[in-house]
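Shown next: run10.tsv, containing TSV, C-alpha atoms.
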chain	number	residue	atom	x	y	z
A	69	MET	CA	-11.39	-9.38	19.36
A	70	SER	CA	-10.23	-5.97	20.55
A	71	VAL	CA	-12.20	-3.40	22.51
A	72	SER	CA	-12.30	0.30	21.64
A	73	ALA	CA	-13.23	2.95	24.17
A	74	TYR	CA	-13.43	6.66	24.79
A	75	ILE	CA	-12.03	7.88	28.09
A	76	LEU	CA	-13.36	11.19	29.35
A	77	ILE	CA	-10.90	12.90	31.69
A	78	GLN	CA	-11.29	15.73	34.18
A	79	THR	CA	-8.06	17.51	35.06
A	80	GLU	CA	-6.81	20.04	37.55
A	81	VAL	CA	-7.18	23.62	36.31
A	82	GLY	CA	-4.59	24.37	33.63
A	83	LYS	CA	-3.41	20.76	33.25
A	84	ALA	CA	-5.43	19.63	30.20
A	85	SER	CA	-2.66	20.29	27.66
A	86	GLU	CA	-0.12	18.40	29.76
A	87	VAL	CA	-2.50	15.45	30.08
A	88	VAL	CA	-3.13	15.41	26.31
A	89	HIS	CA	0.60	15.32	25.57
A	90	ALA	CA	1.20	12.62	28.20
A	91	THR	CA	-1.58	10.37	26.89
A	92	ARG	CA	-0.59	10.67	23.22
A	93	VAL	CA	2.65	8.74	23.80
A	94	ILE	CA	0.99	5.78	25.57
A	95	PRO	CA	0.74	2.61	23.43
A	96	GLY	CA	-2.93	1.85	22.77
A	97	VAL	CA	-3.98	5.49	22.63
A	98	GLU	CA	-5.21	6.29	19.13
A	99	GLU	CA	-6.19	9.91	19.72
A	100	SER	CA	-6.21	12.44	22.56
A	101	ASN	CA	-7.72	15.92	22.47
A	102	GLU	CA	-8.76	18.79	24.72
A	103	ILE	CA	-12.52	19.35	24.83
A	104	THR	CA	-14.95	21.74	26.51
A	105	GLY	CA	-17.75	20.90	28.92
A	106	PRO	CA	-17.65	18.93	32.16
A	107	TYR	CA	-14.59	16.98	30.93
A	108	ASP	CA	-11.31	18.46	29.76
A	109	VAL	CA	-9.74	15.68	27.66
A	110	ILE	CA	-11.07	12.83	25.53
A	111	VAL	CA	-8.92	9.82	24.67
A	112	ARG	CA	-9.75	7.15	22.09
A	113	CYS	CA	-7.99	3.85	22.75
A	114	THR	CA	-8.01	0.13	22.06
A	115	ALA	CA	-7.22	-2.89	24.22
A	116	ALA	CA	-7.22	-6.64	23.70
A	117	ASP	CA	-10.32	-7.19	25.85
A	118	LEU	CA	-12.41	-5.53	28.55
A	119	ASP	CA	-10.11	-6.68	31.37
A	120	LYS	CA	-7.06	-5.25	29.56
A	121	LEU	CA	-8.98	-2.01	29.03
A	122	GLY	CA	-9.58	-1.72	32.77
A	123	GLN	CA	-5.94	-2.45	33.51
A	124	PHE	CA	-4.91	0.14	30.90
A	125	VAL	CA	-7.06	2.85	32.48
A	126	ILE	CA	-5.81	2.12	36.00
A	127	SER	CA	-2.13	1.50	35.26
A	128	ALA	CA	-1.49	3.98	32.44
A	129	ILE	CA	-4.11	6.72	32.25
A	130	GLN	CA	-4.93	7.30	35.93
A	131	GLN	CA	-1.24	7.47	36.84
A	132	ILE	CA	-0.75	10.70	34.87
A	133	GLY	CA	-0.34	13.75	37.08
A	134	GLY	CA	-3.12	16.33	36.94
A	135	ILE	CA	-5.98	13.89	36.35
A	136	THR	CA	-8.79	14.11	38.90
A	137	ARG	CA	-11.44	11.79	37.40
A	138	THR	CA	-11.98	9.46	34.45
A	139	LEU	CA	-15.05	7.97	32.80
A	140	THR	CA	-14.46	5.03	30.46
A	141	CYS	CA	-17.01	4.48	27.68
A	142	PRO	CA	-16.47	1.19	25.79
A	143	VAL	CA	-17.70	1.17	22.20
A	144	VAL	CA	-20.43	-1.39	21.46
A	145	ASN	CA	-21.23	-2.74	18.03
A	146	VAL	CA	-24.93	-3.56	17.83

Will you turn the file into structure tokens for me?
Amino acid sequence: MSVSAYILIQTEVGKASEVVHATRVIPGVEESNEITGPYDVIVRCTAADLDKLGQFVISAIQQIGGITRTLTCPVVNV
């Protein structure tokens, strides 16, 4: 059973486009777009389970230069 999530990303000023391009090539990322509001980028991704999702965010997403904060929102099916 896989887990889907949205990752909201805040970036340094002027870095949103670079972050979008960097995230789009990461395996597991299904979509990445610039947005407006308190966050600059939104990423839709999947992982094998919740633990793998956490590892993915820490080891792949948060290692990209220009990212200052992330908020991971797992999708729930109720």

Please indicate the distance in Å from CA of Arg112 (chain A) to CA of Ser100 (chain A), rounded to one decimal place.
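Distance reported for this atom pair: 6.4 Å.
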
Pick from A:Cys113, A:Leu118, A:Ser70, A:Cys141, whichever lies nearest to Glu98 (chain A) using all atoms listed in the file:
A:Cys113

Do you have the CA of Val143 (chain A)-CA of Ser85 (chain A) distance handy?
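Atom-to-atom, CA of Val143 (chain A) to CA of Ser85 (chain A), that is 24.9 Å.
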
Find the residue from A:Leu139, A:Val111, A:Ile126, A:Val144 that sits nearest to Thr91 (chain A); use all atoms listed in the file when measuring.
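Ranking A:Leu139, A:Val111, A:Ile126, A:Val144 by distance to Thr91 (chain A), first place goes to A:Val111.
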
Measuring atom to atom with only C-alpha atoms, identify which of A:Pro106, A:Gly82, A:Gly122, A:Gly96 is nearest to Pro142 (chain A).
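With only C-alpha atoms as the atom set, the closest residue is A:Gly122.
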
Nearest to Glu99 (chain A) among A:Ile75, A:Val81, A:Val146, A:Val125, with distances taken over all atoms listed in the file: which residue is it?
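Nearest to Glu99 (chain A): A:Ile75.
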
Applying 12 Å and only C-alpha atoms, which residues near Gly105 (chain A) remain after dropping the ones on its own chain fewer than 3 positions away? List them as JSON, numbers by chain.
{"A": [76, 77, 78, 79, 102, 108, 109, 110]}

Point-to-point distance from CA of Ala116 (chain A) to CA of Val71 (chain A), Å rounded to tenths
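These atoms are spaced 6.1 Å apart.
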
For a quick check of understanding, using all atoms listed in the file, which of A:Arg92, A:Lys120, A:Tyr107, A:Thr114 has the smallest distance to Arg137 (chain A)?
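Using all atoms listed in the file, Arg137 (chain A) sits closest to A:Tyr107.
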